[in-house]
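Worksheet for the structure shown next.
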Amino acid sequence: MGKVWFPPLQDENPIVMERIKYIIALLFALTLVGLALYFNTLKEIWYGSLKILVSPANLVTDYFELANVGAAFINAALMIIKSLFIIRSTKVVLSGPLLAAIFTIAGFSLFGKNLFNSIPIILGVILYAKLTHTPFKNYLLSALYGTALGPLVSEVAFNSGFSFLTGIFLGWIAGAIVGLILPPLSRHFISFHKGFSLYNIGFTAGIIGMAFIAFFRAYGIEVDTVHLVSSGYNQPLSIYLYSLFFLLFSGGLYFNRGSFSGYAAFLKEDGKGGPDFLEHHGLGLTLINMALLGFLTTTLVLIVGGELNGPVIGGIFTVVGFGAFGKHVKNVFPILLGVLLVGWLTSADLSSTNFMLTALFGTTLAPVSGHYGIIAGILAGSLHMVIVTNISYLHAGMNLYNNGFSGGFTAAIIVPLLEVVFFHKKERKNKEIIKPVINTETIEDLKKIKK
């Protein structure tokens, strides 16, 4: 038998590996296009896409139900291509955080993000870079993740009583303002949760959304809550998801020379602050990790009887994306367990879309279990489950990253308490290891020494 050939390691061919990362992202977009054509005709996709662009999109608006499945997946594919174009234009390396952003944007493009409501926010971030005379690449993550507030743009444009053109103009102004204030606020708010919530932009977006909604309510403008979700697509979409993750897993094995070598060290990462797994562990192990998270989350949804609709698939894509940026099966599982535990104890409907979103996006708290252990992770997931159900009122669904907003508060509550517990635990261990030295000299001995 001939010798099996494996590609060189990542650091030996950085340019080639960079191209491969772009190819993987583009192939991901291509699979979404193929899936769209499976569900709907070109005519249906065209009219569905127009409806997506000109409709309010606050949480939770499932584009499967609002338009059709094909239009939703085309929207996601276009958003991936737009994101790759922006990243490429800055000439930065496609890092773990950026790969996570691509998958997150693809996921949320199934229930809230689109080309219309995302572009003004990105333009606002570009404007901030111009005004501060700093490179736009420094704020690339703020621009990409900041599109969480896309529904704010759509709400102002299409659901505030303005004429069509006036609404579009004011919506884009609102989006530009969001992009303008997002970078400095996101840098500041990371200290609030100390890096224990991976969705820092989600927390920042929640604060901004809360401020906008407070302004609206002060002038008597009420934003209606939305719960538009679809059902009945589990069989074809589960086949697609498992196939996608199998391809990611196979690619990971290929680039990791056909083995899991190094994955034990991978699982020792606590995830705090969002480590770049691509940089730390290479493309192979990162793809394996992303695939395993995909298998885990998809299986969880199916086991509890959940629906694979736009929002839920968006949650799965986000967890998979963050498999390159802070999450792995070891630090995610306790959070999921904590959410499930409280859901079961409170008799919540574990198969509901809202509960599925809480479980999937609640994994923003993965660094808590990674840093402090399984019990701490279960407690964090449990607390998050309680908080998230009461937090969306503050921003009225304008922030798509509702769990990122809630996760910031959860981390801010639980981490200081964990720090106290673990500090005293460490102190007790130190006292046990380092026994005090008792001075047995007497006063008479000291007098003799003096003489």
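Ligands are numbered from 1 in the order shown, residues from 1 within each chain, and chains are lettered A, B, ... in the order they appear in the structure tokens.
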
Selection: 10 Å around range 312-314 of chain A, only C-alpha atoms, excl. self and same-chain fewer than 2 positions, as a PyMOL selection string = chain A and resi 62+76+103-111+229+237-238+241+297-298+301+306-310+316-320+352-358+360-361

Long-range neighbours of Tyr199 in chain A as a list of chain:residue names, 7 Å cut-off, only C-alpha atoms, 3 positions minimum in chain |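 Residues meeting the cut-off are A:Gly202, A:Phe203, A:Thr364, A:Gly404.
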
Name all residues at most 10 Å from Ala376 in chain A (count only C-alpha atoms; drop same-chain ones fewer than 4 positions away) and give them as an NGL selection string.
-> :A and (334-335 or 338 or 368-372 or 380-382 or 414-415 or 418)

Enumerate, as number ranges by chain, the complete set of residues in range 234-299 of chain A that a backbone-based DSSP assignment places in alpha helix (DSSP H).
-> A: 234-255, 263-266, 277-299

Between CA of Lys51 in chain A and CA of Leu66 in chain A, distance in Å (one decimal) |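 Pair CA of Lys51 in chain A / CA of Leu66 in chain A returns 7.8 Å.
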
Please identify all polymer residues within 7 Å of Leu248 in chain A, counting only C-alpha atoms, omitting same-chain residues fewer than 5 positions from it, and present them as an NGL selection string.
-> :A and (287-288 or 291)

Which neighbours of Ile190 in chain A fall inside 10 Å, counting only C-alpha atoms, when residues of the same chain fewer than 3 positions from it are skipped, and could you give them as a ChimeraX atom specification?
-> /A:185-187,193-201,203-204,273,408

For the residues in the current selection, export N, CA, C and O atoms as a compact mmCIF listing (two decimals), in the first residue's frame.
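Saved result, selection_36.txt, follows:
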```
# COMPACT_ATOMS: atom_id res chain seq x y z
N LEU A 185 -18.02 51.48 23.14
CA LEU A 185 -18.81 50.84 24.19
C LEU A 185 -18.42 49.39 24.40
O LEU A 185 -18.35 48.91 25.53
N SER A 186 -18.17 48.66 23.31
CA SER A 186 -17.83 47.24 23.43
C SER A 186 -16.50 47.05 24.16
O SER A 186 -16.32 46.09 24.91
N ARG A 187 -15.55 47.97 23.94
CA ARG A 187 -14.28 47.89 24.66
C ARG A 187 -14.48 48.12 26.15
O ARG A 187 -13.81 47.51 26.98
N HIS A 193 -18.15 41.80 32.43
CA HIS A 193 -18.24 40.35 32.63
C HIS A 193 -16.89 39.67 32.64
O HIS A 193 -16.80 38.43 32.73
N LYS A 194 -15.81 40.45 32.52
CA LYS A 194 -14.43 39.96 32.63
C LYS A 194 -14.08 38.86 31.64
O LYS A 194 -13.25 37.99 31.92
N GLY A 195 -14.72 38.87 30.48
CA GLY A 195 -14.40 37.89 29.46
C GLY A 195 -15.06 36.53 29.65
O GLY A 195 -14.77 35.59 28.91
N PHE A 196 -15.96 36.43 30.63
CA PHE A 196 -16.62 35.14 30.88
C PHE A 196 -17.89 34.95 30.06
O PHE A 196 -18.53 33.91 30.16
N SER A 197 -18.27 35.95 29.29
CA SER A 197 -19.33 35.80 28.29
C SER A 197 -18.71 36.05 26.93
O SER A 197 -18.15 37.12 26.68
N LEU A 198 -18.78 35.07 26.05
CA LEU A 198 -18.12 35.18 24.75
C LEU A 198 -18.81 36.16 23.82
O LEU A 198 -18.19 36.67 22.90
N TYR A 199 -20.09 36.44 24.06
CA TYR A 199 -20.83 37.34 23.19
C TYR A 199 -20.77 38.77 23.73
O TYR A 199 -21.79 39.37 24.08
N ASN A 200 -19.57 39.35 23.79
CA ASN A 200 -19.42 40.69 24.35
C ASN A 200 -20.20 41.73 23.54
O ASN A 200 -20.82 42.63 24.10
N ILE A 201 -20.16 41.60 22.20
CA ILE A 201 -20.91 42.54 21.37
C ILE A 201 -22.41 42.39 21.63
O ILE A 201 -23.17 43.36 21.57
N PHE A 203 -23.78 41.77 24.50
CA PHE A 203 -24.10 42.55 25.70
C PHE A 203 -24.14 44.04 25.37
O PHE A 203 -25.06 44.76 25.78
N THR A 204 -23.14 44.50 24.60
CA THR A 204 -23.10 45.91 24.21
C THR A 204 -24.32 46.28 23.38
O THR A 204 -24.93 47.34 23.58
N GLY A 273 -12.31 35.02 27.56
CA GLY A 273 -11.87 36.08 26.68
C GLY A 273 -11.91 35.73 25.21
O GLY A 273 -11.60 36.56 24.36
N GLY A 408 -24.07 38.42 29.77
CA GLY A 408 -23.22 39.41 30.41
C GLY A 408 -23.64 39.65 31.85
O GLY A 408 -22.80 39.72 32.77
```

Could you name the residues that touch Phe212 in chain A at 9 Å or less, counting only C-alpha atoms, but leaving out those on the same chain fewer than 5 positions away, as a count of residues only?
-> 5

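Separating CA of Leu337 in chain A from CA of Gly373 in chain A is a distance of 13.0 Å.
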
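Among the candidates A:Thr286, A:Thr225, A:Thr363, A:Asn68, the residue lying nearest to Asn40 in chain A is A:Asn68 (atoms considered: only C-alpha atoms).
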
Work out how far apart CA of Leu292 in chain A and CA of Glu18 in chain A are and give it in Å to one decimal.
->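 Pair CA of Leu292 in chain A / CA of Glu18 in chain A returns 22.6 Å.
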
Which of A:Pro56, A:Pro135, A:Gly124, A:Pro14 sits closest to Val93 in chain A [using only C-alpha atoms] =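 The closest residue to Val93 in chain A is A:Pro14.
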
Tell me, as a count of residues only, which residues lie within 8 Å of His227 in chain A, counting only C-alpha atoms; anything in the same chain fewer than 3 positions away does not count.
-> 3
